[in-house]
$ cat work.pdb   # PDB, C-alpha atoms
MODEL        1
ATOM      1  CA  MET P   1       0.000   0.000   0.000
ATOM      2  CA  GLU P   2       1.185   3.491  -0.831
ATOM      3  CA  LEU P   3      -0.067   5.908   1.839
ATOM      4  CA  LEU P   4      -0.959   9.275   0.329
ATOM      5  CA  LEU P   5      -2.418  10.736   3.514
ATOM      6  CA  ASP P   6      -2.889   9.580   7.103
ATOM      7  CA  LEU P   7      -6.408  10.734   7.983
ATOM      8  CA  THR P   8      -6.003   9.603  11.595
ATOM      9  CA  GLU P   9      -3.877  12.707  12.079
ATOM     10  CA  HIS P  10      -6.939  14.824  11.250
ATOM     11  CA  ALA P  11      -9.627  13.022  13.277
ATOM     12  CA  VAL P  12     -12.274  15.255  14.847
ATOM     13  CA  VAL P  13     -15.503  14.613  16.770
ATOM     14  CA  GLY P  14     -18.605  16.767  16.661
ATOM     15  CA  LEU P  15     -20.246  19.287  14.356
ATOM     16  CA  VAL P  16     -18.461  22.337  15.778
ATOM     17  CA  GLU P  17     -15.056  20.687  15.416
ATOM     18  CA  VAL P  18     -15.811  19.616  11.833
ATOM     19  CA  LEU P  19     -16.830  23.162  10.880
ATOM     20  CA  LYS P  20     -13.597  24.541  12.315
ATOM     21  CA  ASN P  21     -11.616  22.171  10.079
ATOM     22  CA  TYR P  22     -13.768  22.522   6.951
ATOM     23  CA  GLY P  23     -11.125  24.325   4.882
ATOM     24  CA  LYS P  24      -8.524  21.668   5.569
ATOM     25  CA  PHE P  25     -10.856  18.796   4.654
ATOM     26  CA  ARG P  26     -11.904  20.585   1.465
ATOM     27  CA  ARG P  27      -8.271  20.853   0.354
ATOM     28  CA  ILE P  28      -7.674  17.178   1.124
ATOM     29  CA  PHE P  29     -10.831  16.241  -0.798
ATOM     30  CA  TRP P  30      -9.873  17.915  -4.057
ATOM     31  CA  ASP P  31      -6.265  16.743  -3.798
ATOM     32  CA  LEU P  32      -7.522  13.143  -3.713
ATOM     33  CA  VAL P  33      -9.964  13.742  -6.573
ATOM     34  CA  ARG P  34      -7.026  14.934  -8.691
ATOM     35  CA  VAL P  35      -5.031  11.818  -7.756
ATOM     36  CA  ALA P  36      -7.933   9.611  -8.889
ATOM     37  CA  GLU P  37      -8.191  11.511 -12.176
ATOM     38  CA  GLN P  38      -4.484  11.024 -12.827
ATOM     39  CA  ARG P  39      -4.256   7.350 -11.883
ATOM     40  CA  ARG P  40      -7.651   6.126 -13.137
ATOM     41  CA  PRO P  41      -7.994   3.222 -10.654
ATOM     42  CA  ASP P  42     -10.090   0.161 -11.473
ATOM     43  CA  ALA P  43     -12.092   0.858  -8.321
ATOM     44  CA  VAL P  44     -12.167   3.109  -5.290
ATOM     45  CA  VAL P  45     -12.826   1.448  -1.928
ATOM     46  CA  LEU P  46     -14.254   3.901   0.583
ATOM     47  CA  VAL P  47     -14.139   3.049   4.291
ATOM     48  CA  ASP P  48     -16.604   4.636   6.724
ATOM     49  CA  PHE P  49     -16.272   8.489   7.133
ATOM     50  CA  PRO P  50     -19.546   9.324   5.271
ATOM     51  CA  GLY P  51     -19.350  13.122   5.412
ATOM     52  CA  PHE P  52     -16.217  12.950   3.270
ATOM     53  CA  ASN P  53     -16.641   9.682   1.416
ATOM     54  CA  LEU P  54     -20.177  10.127   0.074
ATOM     55  CA  ARG P  55     -19.126  13.363  -1.593
ATOM     56  CA  PHE P  56     -16.039  11.596  -2.920
ATOM     57  CA  ALA P  57     -18.210   8.746  -4.259
ATOM     58  CA  ALA P  58     -20.259  11.230  -6.275
ATOM     59  CA  GLN P  59     -17.100  12.660  -7.842
ATOM     60  CA  MET P  60     -15.820   9.184  -8.713
ATOM     61  CA  LYS P  61     -19.161   8.205 -10.252
ATOM     62  CA  ARG P  62     -19.048  11.293 -12.496
ATOM     63  CA  ARG P  63     -15.613  10.186 -13.689
ATOM     64  CA  GLY P  64     -16.731   6.630 -14.454
ATOM     65  CA  ILE P  65     -14.733   5.023 -11.626
ATOM     66  CA  LYS P  66     -16.286   2.044  -9.807
ATOM     67  CA  VAL P  67     -17.134   2.760  -6.157
ATOM     68  CA  ILE P  68     -17.162   0.148  -3.386
ATOM     69  CA  TYR P  69     -18.095   1.209   0.138
ATOM     70  CA  TYR P  70     -16.806  -0.917   3.019
ATOM     71  CA  ILE P  71     -18.466  -0.480   6.408
ATOM     72  CA  SER P  72     -21.753   1.195   5.729
ATOM     73  CA  PRO P  73     -22.453   4.659   7.110
ATOM     74  CA  GLN P  74     -24.916   4.341   9.966
ATOM     75  CA  LEU P  75     -27.828   5.672   7.950
ATOM     76  CA  TRP P  76     -30.213   3.544   9.996
ATOM     77  CA  ALA P  77     -29.251   5.750  12.960
ATOM     78  CA  TRP P  78     -29.461   9.117  11.218
ATOM     79  CA  HIS P  79     -29.679  10.716   7.769
ATOM     80  CA  ALA P  80     -31.664   7.896   6.134
ATOM     81  CA  SER P  81     -32.241  10.254   3.181
ATOM     82  CA  ARG P  82     -28.670   9.524   2.070
ATOM     83  CA  ALA P  83     -29.725   6.004   1.059
ATOM     84  CA  LYS P  84     -30.854   7.229  -2.371
ATOM     85  CA  GLN P  85     -27.590   9.095  -2.861
ATOM     86  CA  ILE P  86     -25.691   5.897  -2.066
ATOM     87  CA  GLU P  87     -27.933   3.931  -4.419
ATOM     88  CA  ARG P  88     -26.964   6.379  -7.179
ATOM     89  CA  ASP P  89     -23.216   6.723  -6.506
ATOM     90  CA  VAL P  90     -22.104   3.367  -5.018
ATOM     91  CA  ASP P  91     -21.739   0.128  -6.999
ATOM     92  CA  LEU P  92     -21.295  -2.240  -4.044
ATOM     93  CA  MET P  93     -21.968  -1.769  -0.324
ATOM     94  CA  LEU P  94     -20.225  -4.145   2.107
ATOM     95  CA  CYS P  95     -21.897  -4.264   5.538
ATOM     96  CA  ILE P  96     -20.532  -5.509   8.859
ATOM     97  CA  PHE P  97     -23.820  -5.689  10.803
ATOM     98  CA  PRO P  98     -26.467  -8.290   9.888
ATOM     99  CA  PHE P  99     -29.490  -5.968   9.991
ATOM    100  CA  GLU P 100     -28.006  -3.496   7.492
ATOM    101  CA  LYS P 101     -28.704  -5.595   4.378
ATOM    102  CA  ASP P 102     -32.430  -5.694   5.149
ATOM    103  CA  TRP P 103     -32.408  -1.960   5.895
ATOM    104  CA  TYR P 104     -30.928  -1.187   2.461
ATOM    105  CA  ALA P 105     -33.377  -3.546   0.767
ATOM    106  CA  LYS P 106     -36.159  -1.254   2.007
ATOM    107  CA  HIS P 107     -34.467   2.115   1.492
ATOM    108  CA  ALA P 108     -32.238   1.538  -1.580
ATOM    109  CA  PRO P 109     -33.543  -1.573  -3.360
ATOM    110  CA  LYS P 110     -31.402  -1.079  -6.493
ATOM    111  CA  LEU P 111     -28.143  -1.027  -4.524
ATOM    112  CA  ARG P 112     -26.070  -4.215  -4.375
ATOM    113  CA  VAL P 113     -25.446  -4.940  -0.686
ATOM    114  CA  GLU P 114     -23.492  -7.809   0.874
ATOM    115  CA  PHE P 115     -23.093  -8.711   4.551
ATOM    116  CA  VAL P 116     -19.474  -9.788   5.096
ATOM    117  CA  GLY P 117     -19.418  -9.971   8.897
ATOM    118  CA  HIS P 118     -17.498  -7.964  11.458
ATOM    119  CA  PRO P 119     -13.685  -7.856  11.215
ATOM    120  CA  PHE P 120     -13.312  -8.109  14.990
ATOM    121  CA  ALA P 121     -13.021 -11.893  14.914
ATOM    122  CA  GLU P 122      -9.720 -11.940  13.044
ATOM    123  CA  ARG P 123      -8.420  -8.702  14.536
ATOM    124  CA  LEU P 124      -9.005  -9.711  18.150
ATOM    125  CA  GLY P 125      -8.592 -13.460  17.745
ATOM    126  CA  GLU P 126     -11.344 -15.985  17.203
ATOM    127  CA  ASN P 127     -12.818 -17.590  20.312
ATOM    128  CA  PRO P 128     -10.621 -15.935  22.976
ATOM    129  CA  LYS P 129      -9.738 -18.216  25.855
ATOM    130  CA  PRO P 130     -11.798 -17.677  28.994
ATOM    131  CA  GLU P 131      -9.779 -15.658  31.474
ATOM    132  CA  THR P 132     -10.041 -15.544  35.233
ATOM    133  CA  ARG P 133     -11.510 -12.164  36.064
ATOM    134  CA  ASN P 134     -10.178 -10.098  38.922
ATOM    135  CA  PRO P 135     -13.264  -9.265  41.047
ATOM    136  CA  LYS P 136     -11.613  -6.032  42.203
ATOM    137  CA  LEU P 137     -10.457  -4.736  38.798
ATOM    138  CA  ILE P 138     -12.405  -1.985  37.026
ATOM    139  CA  LEU P 139     -11.329  -0.896  33.540
ATOM    140  CA  LEU P 140     -11.854   2.718  32.430
ATOM    141  CA  LEU P 141     -12.062   3.405  28.680
ATOM    142  CA  PRO P 142     -12.674   7.152  28.186
ATOM    143  CA  GLY P 143     -12.179   7.193  24.409
ATOM    144  CA  SER P 144      -9.483   7.442  21.779
ATOM    145  CA  ARG P 145      -9.592  11.166  21.018
ATOM    146  CA  GLU P 146      -8.380  13.963  23.251
ATOM    147  CA  ARG P 147     -11.726  15.789  23.177
ATOM    148  CA  GLU P 148     -13.514  12.620  24.276
ATOM    149  CA  VAL P 149     -11.085  12.070  27.135
ATOM    150  CA  ALA P 150     -11.425  15.687  28.242
ATOM    151  CA  LYS P 151     -15.210  15.313  28.517
ATOM    152  CA  ILE P 152     -15.522  11.744  29.780
ATOM    153  CA  PHE P 153     -12.527  11.011  32.011
ATOM    154  CA  PRO P 154     -13.512  13.585  34.703
ATOM    155  CA  ILE P 155     -16.884  11.832  35.013
ATOM    156  CA  MET P 156     -15.154   8.479  35.411
ATOM    157  CA  ALA P 157     -12.727   9.933  37.976
ATOM    158  CA  ASP P 158     -15.699  11.203  39.983
ATOM    159  CA  VAL P 159     -17.181   7.695  39.919
ATOM    160  CA  VAL P 160     -13.890   6.286  41.228
ATOM    161  CA  ASP P 161     -14.043   8.699  44.183
ATOM    162  CA  ARG P 162     -17.396   7.194  45.147
ATOM    163  CA  MET P 163     -16.343   3.545  44.913
ATOM    164  CA  PRO P 164     -14.923   1.315  47.706
ATOM    165  CA  ASN P 165     -11.241   1.795  48.478
ATOM    166  CA  ASP P 166     -10.309  -1.858  47.913
ATOM    167  CA  LEU P 167     -11.045  -1.710  44.186
ATOM    168  CA  GLU P 168      -8.344  -1.348  41.516
ATOM    169  CA  PHE P 169      -8.921   1.069  38.638
ATOM    170  CA  ILE P 170      -6.922   1.052  35.402
ATOM    171  CA  ALA P 171      -7.533   3.607  32.645
ATOM    172  CA  ALA P 172      -6.537   2.431  29.169
ATOM    173  CA  ALA P 173      -5.020   5.120  26.946
ATOM    174  CA  VAL P 174      -4.492   4.834  23.189
ATOM    175  CA  ASN P 175      -1.382   7.034  23.113
ATOM    176  CA  GLU P 176       0.917   9.198  25.231
ATOM    177  CA  GLN P 177      -1.187  12.317  24.701
ATOM    178  CA  THR P 178      -4.371  10.838  26.149
ATOM    179  CA  ALA P 179      -2.399   9.047  28.870
ATOM    180  CA  ALA P 180      -1.018  12.387  30.043
ATOM    181  CA  MET P 181      -4.581  13.654  30.457
ATOM    182  CA  MET P 182      -5.392  10.877  32.944
ATOM    183  CA  THR P 183      -2.445  10.870  35.354
ATOM    184  CA  SER P 184      -3.773  13.235  38.018
ATOM    185  CA  HIS P 185      -6.013  10.836  39.980
ATOM    186  CA  PRO P 186      -4.209   8.965  42.790
ATOM    187  CA  ARG P 187      -6.466   5.885  42.612
ATOM    188  CA  ILE P 188      -6.294   5.404  38.831
ATOM    189  CA  LYS P 189      -3.397   3.643  37.153
ATOM    190  CA  VAL P 190      -2.937   4.598  33.499
ATOM    191  CA  GLU P 191      -1.682   2.121  30.889
ATOM    192  CA  SER P 192      -1.227   2.337  27.113
ATOM    193  CA  GLY P 193      -1.698  -0.535  24.678
ATOM    194  CA  THR P 194      -3.188  -3.002  27.156
ATOM    195  CA  ALA P 195      -6.931  -2.394  26.736
ATOM    196  CA  GLN P 196      -7.760  -5.708  25.074
ATOM    197  CA  GLU P 197      -5.797  -7.709  27.632
ATOM    198  CA  LEU P 198      -7.515  -5.842  30.449
ATOM    199  CA  MET P 199     -10.941  -6.509  28.919
ATOM    200  CA  GLN P 200     -10.263 -10.199  29.502
ATOM    201  CA  HIS P 201      -9.391  -9.733  33.183
ATOM    202  CA  ALA P 202     -11.590  -6.880  34.438
ATOM    203  CA  THR P 203     -14.879  -7.641  36.157
ATOM    204  CA  LEU P 204     -16.386  -4.404  34.818
ATOM    205  CA  ALA P 205     -15.552  -1.758  32.219
ATOM    206  CA  ILE P 206     -16.805   1.806  32.260
ATOM    207  CA  THR P 207     -16.403   2.847  28.644
ATOM    208  CA  ALA P 208     -17.091   5.605  26.180
ATOM    209  CA  SER P 209     -19.481   4.753  23.385
ATOM    210  CA  GLY P 210     -17.618   3.585  20.302
ATOM    211  CA  THR P 211     -15.452   0.712  19.137
ATOM    212  CA  ALA P 212     -14.542  -0.212  22.706
ATOM    213  CA  THR P 213     -18.115  -1.354  23.396
ATOM    214  CA  MET P 214     -17.837  -3.995  20.684
ATOM    215  CA  GLU P 215     -14.380  -5.036  21.899
ATOM    216  CA  CYS P 216     -15.742  -5.474  25.422
ATOM    217  CA  ALA P 217     -18.623  -7.485  23.991
ATOM    218  CA  PHE P 218     -16.215  -9.722  22.094
ATOM    219  CA  TYR P 219     -14.210 -10.417  25.253
ATOM    220  CA  GLY P 220     -17.323 -10.875  27.396
ATOM    221  CA  CYS P 221     -16.507  -7.967  29.682
ATOM    222  CA  PRO P 222     -19.575  -6.501  31.420
ATOM    223  CA  MET P 223     -19.773  -2.759  30.861
ATOM    224  CA  ILE P 224     -21.400   0.580  31.523
ATOM    225  CA  VAL P 225     -21.411   3.086  28.665
ATOM    226  CA  VAL P 226     -20.807   6.792  29.278
ATOM    227  CA  TYR P 227     -20.705   9.538  26.673
ATOM    228  CA  LYS P 228     -20.667  13.327  26.588
ATOM    229  CA  VAL P 229     -19.993  15.783  23.773
ATOM    230  CA  ASN P 230     -20.176  19.509  23.075
ATOM    231  CA  TRP P 231     -23.703  20.657  24.020
ATOM    232  CA  LEU P 232     -24.453  22.024  20.516
ATOM    233  CA  THR P 233     -23.329  18.765  18.910
ATOM    234  CA  TYR P 234     -25.596  16.869  21.317
ATOM    235  CA  LEU P 235     -28.653  19.044  20.606
ATOM    236  CA  ILE P 236     -28.247  18.677  16.861
ATOM    237  CA  GLY P 237     -27.616  14.959  17.266
ATOM    238  CA  ARG P 238     -30.820  14.498  19.225
ATOM    239  CA  MET P 239     -32.761  16.051  16.349
ATOM    240  CA  VAL P 240     -31.363  13.724  13.695
ATOM    241  CA  VAL P 241     -30.482  10.429  15.417
ATOM    242  CA  LYS P 242     -33.191   7.812  14.920
ATOM    243  CA  VAL P 243     -32.020   5.003  17.231
ATOM    244  CA  ASN P 244     -32.705   4.622  20.927
ATOM    245  CA  TRP P 245     -29.148   3.705  21.937
ATOM    246  CA  LEU P 246     -25.545   4.709  21.231
ATOM    247  CA  ALA P 247     -23.745   1.512  22.235
ATOM    248  CA  MET P 248     -23.567  -0.906  19.297
ATOM    249  CA  PRO P 249     -24.295  -4.020  21.411
ATOM    250  CA  ASN P 250     -27.629  -2.411  22.309
ATOM    251  CA  VAL P 251     -28.323  -1.360  18.709
ATOM    252  CA  ILE P 252     -27.634  -4.878  17.429
ATOM    253  CA  ALA P 253     -29.699  -6.496  20.196
ATOM    254  CA  GLY P 254     -32.565  -4.054  19.652
ATOM    255  CA  ARG P 255     -32.804  -3.411  23.379
ATOM    256  CA  GLU P 256     -30.649  -2.156  26.226
ATOM    257  CA  ILE P 257     -28.414  -4.969  27.414
ATOM    258  CA  VAL P 258     -25.686  -2.641  28.727
ATOM    259  CA  PRO P 259     -26.645   0.508  30.668
ATOM    260  CA  GLU P 260     -26.023   3.847  28.954
ATOM    261  CA  PHE P 261     -25.458   7.232  30.577
ATOM    262  CA  ILE P 262     -25.444   9.861  27.838
ATOM    263  CA  GLN P 263     -24.869  13.634  28.115
ATOM    264  CA  HIS P 264     -26.928  15.083  31.027
ATOM    265  CA  ASP P 265     -27.633  11.537  32.280
ATOM    266  CA  ALA P 266     -23.879  10.973  32.733
ATOM    267  CA  GLU P 267     -24.026  11.806  36.429
ATOM    268  CA  PRO P 268     -21.382  10.121  38.622
ATOM    269  CA  GLU P 269     -23.903   9.345  41.363
ATOM    270  CA  ARG P 270     -26.162   7.361  39.021
ATOM    271  CA  ILE P 271     -23.270   5.597  37.317
ATOM    272  CA  THR P 272     -21.856   4.586  40.701
ATOM    273  CA  VAL P 273     -25.121   2.949  41.752
ATOM    274  CA  ILE P 274     -25.175   0.723  38.666
ATOM    275  CA  ALA P 275     -21.439   0.013  38.869
ATOM    276  CA  ARG P 276     -21.741  -1.242  42.447
ATOM    277  CA  GLN P 277     -24.786  -3.307  41.526
ATOM    278  CA  LEU P 278     -22.904  -5.011  38.698
ATOM    279  CA  LEU P 279     -19.861  -5.655  40.879
ATOM    280  CA  GLU P 280     -21.907  -7.161  43.685
ATOM    281  CA  ASN P 281     -24.391  -9.247  41.663
ATOM    282  CA  ASP P 282     -22.961 -12.245  39.786
ATOM    283  CA  LYS P 283     -26.346 -13.066  38.233
ATOM    284  CA  ILE P 284     -26.728  -9.638  36.623
ATOM    285  CA  ARG P 285     -23.188  -9.775  35.226
ATOM    286  CA  GLY P 286     -23.708 -13.309  33.966
ATOM    287  CA  ALA P 287     -26.937 -12.364  32.190
ATOM    288  CA  MET P 288     -25.174  -9.439  30.512
ATOM    289  CA  GLN P 289     -22.322 -11.686  29.375
ATOM    290  CA  ARG P 290     -24.766 -14.138  27.815
ATOM    291  CA  GLU P 291     -26.502 -11.302  25.969
ATOM    292  CA  LEU P 292     -23.153  -9.990  24.728
ATOM    293  CA  ALA P 293     -22.206 -13.469  23.501
ATOM    294  CA  THR P 294     -25.430 -13.589  21.466
ATOM    295  CA  VAL P 295     -24.599 -10.218  19.893
ATOM    296  CA  VAL P 296     -21.090 -11.361  18.990
ATOM    297  CA  GLY P 297     -22.456 -14.604  17.559
ATOM    298  CA  SER P 298     -24.630 -12.655  15.117
ATOM    299  CA  LEU P 299     -21.640 -10.922  13.493
ATOM    300  CA  GLY P 300     -20.654 -13.663  11.070
ATOM    301  CA  GLY P 301     -17.603 -15.234  12.706
ATOM    302  CA  ALA P 302     -14.069 -15.154  11.341
ATOM    303  CA  GLY P 303     -13.249 -14.403   7.715
ATOM    304  CA  ALA P 304     -14.924 -10.997   7.281
ATOM    305  CA  SER P 305     -11.865  -9.388   5.690
ATOM    306  CA  GLU P 306     -11.388 -12.286   3.276
ATOM    307  CA  ARG P 307     -15.057 -12.192   2.276
ATOM    308  CA  ALA P 308     -14.811  -8.443   1.696
ATOM    309  CA  ALA P 309     -11.634  -8.828  -0.362
ATOM    310  CA  ARG P 310     -13.148 -11.526  -2.567
ATOM    311  CA  LEU P 311     -16.238  -9.412  -3.274
ATOM    312  CA  ILE P 312     -14.070  -6.396  -4.111
ATOM    313  CA  LEU P 313     -11.915  -8.421  -6.531
ATOM    314  CA  ALA P 314     -14.946 -10.019  -8.176
ATOM    315  CA  SER P 315     -16.929  -6.812  -8.595
TER
ENDMDL
END
$ encode --input "work.pdb" --output "structure tokens"
Amino acid sequence: MELLLDLTEHAVVGLVEVLKNYGKFRRIFWDLVRVAEQRRPDAVVLVDFPGFNLRFAAQMKRRGIKVIYYISPQLWAWHASRAKQIERDVDLMLCIFPFEKDWYAKHAPKLRVEFVGHPFAERLGENPKPETRNPKLILLLPGSREREVAKIFPIMADVVDRMPNDLEFIAAAVNEQTAAMMTSHPRIKVESGTAQELMQHATLAITASGTATMECAFYGCPMIVVYKVNWLTYLIGRMVVKVNWLAMPNVIAGREIVPEFIQHDAEPERITVIARQLLENDKIRGAMQRELATVVGSLGGAGASERAARLILAS
């Protein structure tokens, strides 16, 4: 692979943050359109990032370049009107959640859609070995971006202050920058690069909404989901989001199997009550783990990346 641009260096969360960076993303967009015009690829594979990629798909379609979209935008959660745009500009949609194919059949019946399964199985390791869980270990996962950590970690730290003194708390950081934001609390140990190992040993995770919820589900780690964003981003989100939950295990299950505390509901007192209940009640934790196992079992098993690759090559 030849890397033209590392978009992870430009990751932002929230409407306000996107607007602040609009000029930069516009320059990147047209630079990549020019590259496609010069190289004339057999196909363009777009991954997630709908605000950017759907506009890019339209430009590729105008230039007669085949468009394959891997990991469907979450149109079933918000902006369902984009389904017709995708039907027009995308040649093949590859989905990672089982319910998405049926959703597209209703909203974009002319679009070719294939369910390939979730890539977690090969990335995290198929059928992880059962691990002995430390009944005193609580894992904190405040997010991968600095803005997320700034909003969510203080809430988690407040929860720690309200929990029994004999518990051990480890916050998992994705890099040195976010780790440095979490070093001030005397009861919280901060580690980088160990999140997945800790998910196999912790009795409970308190996690931001996002990829970590699916990783916890895969490893059978009971969890509480906490999320908070800029207030304007939240208000706009409430107007457009069409699902009842943020955590993907809940979305896939179609009901709340892990408790969520979002925005103004993310109060440390309320989170603490549920955290202590989960720690003290083996039956509640066991029921949650069984529900999470059912969710993971619906994701297609190992081989998602190979199935996606074969469909791309054959298209």
$ closest_residue --input "work.pdb" --among "P:Thr213, P:Gln200, P:Ile68, P:Glu269" --to "Asp42 in chain P" --atoms "only C-alpha atoms"
P:Ile68
$ residues_around --input "work.pdb" --residues "range 249-256 of chain P" --least-positions-apart "4" --cutoff "8 Å" --atoms "only C-alpha atoms" --output "number ranges by chain"
P: 97, 99, 213-214, 217, 243-245, 292, 295
$ atom_distance --input "work.pdb" --atom1 "CA of Ser192 in chain P" --atom2 "CA of Phe49 in chain P"
25.8 Å
$ residues_near_point --input "work.pdb" --point "(-8.0, -3.1, 47.3)" --cutoff "12 Å" --atoms "only C-alpha atoms" --output "compact mmCIF listing (two decimals) with C-alpha atoms, in the frame of the given file"
# COMPACT_ATOMS: atom_id res chain seq x y z
CA ASN P 134 -10.18 -10.10 38.92
CA PRO P 135 -13.26 -9.26 41.05
CA LYS P 136 -11.61 -6.03 42.20
CA LEU P 137 -10.46 -4.74 38.80
CA ILE P 138 -12.40 -1.98 37.03
CA MET P 163 -16.34 3.54 44.91
CA PRO P 164 -14.92 1.32 47.71
CA ASN P 165 -11.24 1.80 48.48
CA ASP P 166 -10.31 -1.86 47.91
CA LEU P 167 -11.04 -1.71 44.19
CA GLU P 168 -8.34 -1.35 41.52
CA PHE P 169 -8.92 1.07 38.64
CA ARG P 187 -6.47 5.88 42.61
$ residues_around --input "work.pdb" --residues "range 109-122 of chain P" --least-positions-apart "4" --cutoff "10 Å" --atoms "all atoms listed in the file" --output "count of residues only"
48
$ closest_residue --input "work.pdb" --among "P:Leu204, P:Met199, P:Val67, P:Val149" --to "Gln277 in chain P" --atoms "all atoms listed in the file"
P:Leu204
$ atom_distance --input "work.pdb" --atom1 "CA of Gly23 in chain P" --atom2 "CA of Ala173 in chain P"
29.9 Å
$ closest_residue --input "work.pdb" --among "P:Ala108, P:Leu141, P:Leu5, P:Val159" --to "Ala202 in chain P" --atoms "all atoms listed in the file"
P:Leu141
$ atom_distance --input "work.pdb" --atom1 "CA of Glu146 in chain P" --atom2 "CA of Arg133 in chain P"
29.3 Å
$ resolve_selection --input "work.pdb" --expression "the PyMOL selection byres ((chain P and resi 52-54) around 10)" --output "PDB file with C-alpha atoms, in the frame of the given file"
ATOM      1  CA  PHE P  25     -10.856  18.796   4.654  1.00  0.00           C
ATOM      2  CA  ARG P  26     -11.904  20.585   1.465  1.00  0.00           C
ATOM      3  CA  ILE P  28      -7.674  17.178   1.124  1.00  0.00           C
ATOM      4  CA  PHE P  29     -10.831  16.241  -0.798  1.00  0.00           C
ATOM      5  CA  VAL P  45     -12.826   1.448  -1.928  1.00  0.00           C
ATOM      6  CA  LEU P  46     -14.254   3.901   0.583  1.00  0.00           C
ATOM      7  CA  VAL P  47     -14.139   3.049   4.291  1.00  0.00           C
ATOM      8  CA  ASP P  48     -16.604   4.636   6.724  1.00  0.00           C
ATOM      9  CA  PHE P  49     -16.272   8.489   7.133  1.00  0.00           C
ATOM     10  CA  PRO P  50     -19.546   9.324   5.271  1.00  0.00           C
ATOM     11  CA  GLY P  51     -19.350  13.122   5.412  1.00  0.00           C
ATOM     12  CA  ARG P  55     -19.126  13.363  -1.593  1.00  0.00           C
ATOM     13  CA  PHE P  56     -16.039  11.596  -2.920  1.00  0.00           C
ATOM     14  CA  ALA P  57     -18.210   8.746  -4.259  1.00  0.00           C
ATOM     15  CA  ALA P  58     -20.259  11.230  -6.275  1.00  0.00           C
ATOM     16  CA  GLN P  59     -17.100  12.660  -7.842  1.00  0.00           C
ATOM     17  CA  MET P  60     -15.820   9.184  -8.713  1.00  0.00           C
ATOM     18  CA  TYR P  69     -18.095   1.209   0.138  1.00  0.00           C
ATOM     19  CA  PRO P  73     -22.453   4.659   7.110  1.00  0.00           C
ATOM     20  CA  ARG P  82     -28.670   9.524   2.070  1.00  0.00           C
ATOM     21  CA  GLN P  85     -27.590   9.095  -2.861  1.00  0.00           C
ATOM     22  CA  ILE P  86     -25.691   5.897  -2.066  1.00  0.00           C
ATOM     23  CA  ASP P  89     -23.216   6.723  -6.506  1.00  0.00           C
ATOM     24  CA  VAL P  90     -22.104   3.367  -5.018  1.00  0.00           C
TER      25      VAL P  90
END
$ residues_near_point --input "work.pdb" --point "(-20.3, -10.9, 34.5)" --cutoff "12 Å" --atoms "only C-alpha atoms" --output "compact mmCIF listing (two decimals) with C-alpha atoms, keeping the file's coordinate frame"
# COMPACT_ATOMS: atom_id res chain seq x y z
CA GLU P 131 -9.78 -15.66 31.47
CA THR P 132 -10.04 -15.54 35.23
CA ARG P 133 -11.51 -12.16 36.06
CA ASN P 134 -10.18 -10.10 38.92
CA PRO P 135 -13.26 -9.26 41.05
CA MET P 199 -10.94 -6.51 28.92
CA GLN P 200 -10.26 -10.20 29.50
CA HIS P 201 -9.39 -9.73 33.18
CA ALA P 202 -11.59 -6.88 34.44
CA THR P 203 -14.88 -7.64 36.16
CA LEU P 204 -16.39 -4.40 34.82
CA ALA P 205 -15.55 -1.76 32.22
CA CYS P 216 -15.74 -5.47 25.42
CA ALA P 217 -18.62 -7.48 23.99
CA TYR P 219 -14.21 -10.42 25.25
CA GLY P 220 -17.32 -10.88 27.40
CA CYS P 221 -16.51 -7.97 29.68
CA PRO P 222 -19.58 -6.50 31.42
CA MET P 223 -19.77 -2.76 30.86
CA ILE P 224 -21.40 0.58 31.52
CA VAL P 258 -25.69 -2.64 28.73
CA ALA P 275 -21.44 0.01 38.87
CA GLN P 277 -24.79 -3.31 41.53
CA LEU P 278 -22.90 -5.01 38.70
CA LEU P 279 -19.86 -5.66 40.88
CA GLU P 280 -21.91 -7.16 43.68
CA ASN P 281 -24.39 -9.25 41.66
CA ASP P 282 -22.96 -12.24 39.79
CA LYS P 283 -26.35 -13.07 38.23
CA ILE P 284 -26.73 -9.64 36.62
CA ARG P 285 -23.19 -9.78 35.23
CA GLY P 286 -23.71 -13.31 33.97
CA ALA P 287 -26.94 -12.36 32.19
CA MET P 288 -25.17 -9.44 30.51
CA GLN P 289 -22.32 -11.69 29.38
CA ARG P 290 -24.77 -14.14 27.82
CA GLU P 291 -26.50 -11.30 25.97
CA LEU P 292 -23.15 -9.99 24.73
CA ALA P 293 -22.21 -13.47 23.50
$ residues_around --input "work.pdb" --residues "Ala157 in chain P" --least-positions-apart "6" --cutoff "9 Å" --atoms "only C-alpha atoms" --output "list of chain:residue names"
P:Met182, P:His185, P:Arg187, P:Ile188, P:Pro268
$ resolve_selection --input "work.pdb" --expression "the PyMOL selection byres ((chain P and resi 227) around 10)" --output "compact mmCIF listing (two decimals) with C-alpha atoms, in the coordinates of the input"
# COMPACT_ATOMS: atom_id res chain seq x y z
CA PRO P 142 -12.67 7.15 28.19
CA GLY P 143 -12.18 7.19 24.41
CA GLU P 148 -13.51 12.62 24.28
CA VAL P 149 -11.08 12.07 27.14
CA LYS P 151 -15.21 15.31 28.52
CA ILE P 152 -15.52 11.74 29.78
CA PHE P 153 -12.53 11.01 32.01
CA ILE P 155 -16.88 11.83 35.01
CA THR P 207 -16.40 2.85 28.64
CA ALA P 208 -17.09 5.60 26.18
CA SER P 209 -19.48 4.75 23.38
CA GLY P 210 -17.62 3.58 20.30
CA VAL P 225 -21.41 3.09 28.66
CA VAL P 226 -20.81 6.79 29.28
CA LYS P 228 -20.67 13.33 26.59
CA VAL P 229 -19.99 15.78 23.77
CA LEU P 246 -25.54 4.71 21.23
CA ALA P 247 -23.74 1.51 22.24
CA GLU P 260 -26.02 3.85 28.95
CA PHE P 261 -25.46 7.23 30.58
CA ILE P 262 -25.44 9.86 27.84
CA GLN P 263 -24.87 13.63 28.12
CA HIS P 264 -26.93 15.08 31.03
CA ASP P 265 -27.63 11.54 32.28
CA ALA P 266 -23.88 10.97 32.73
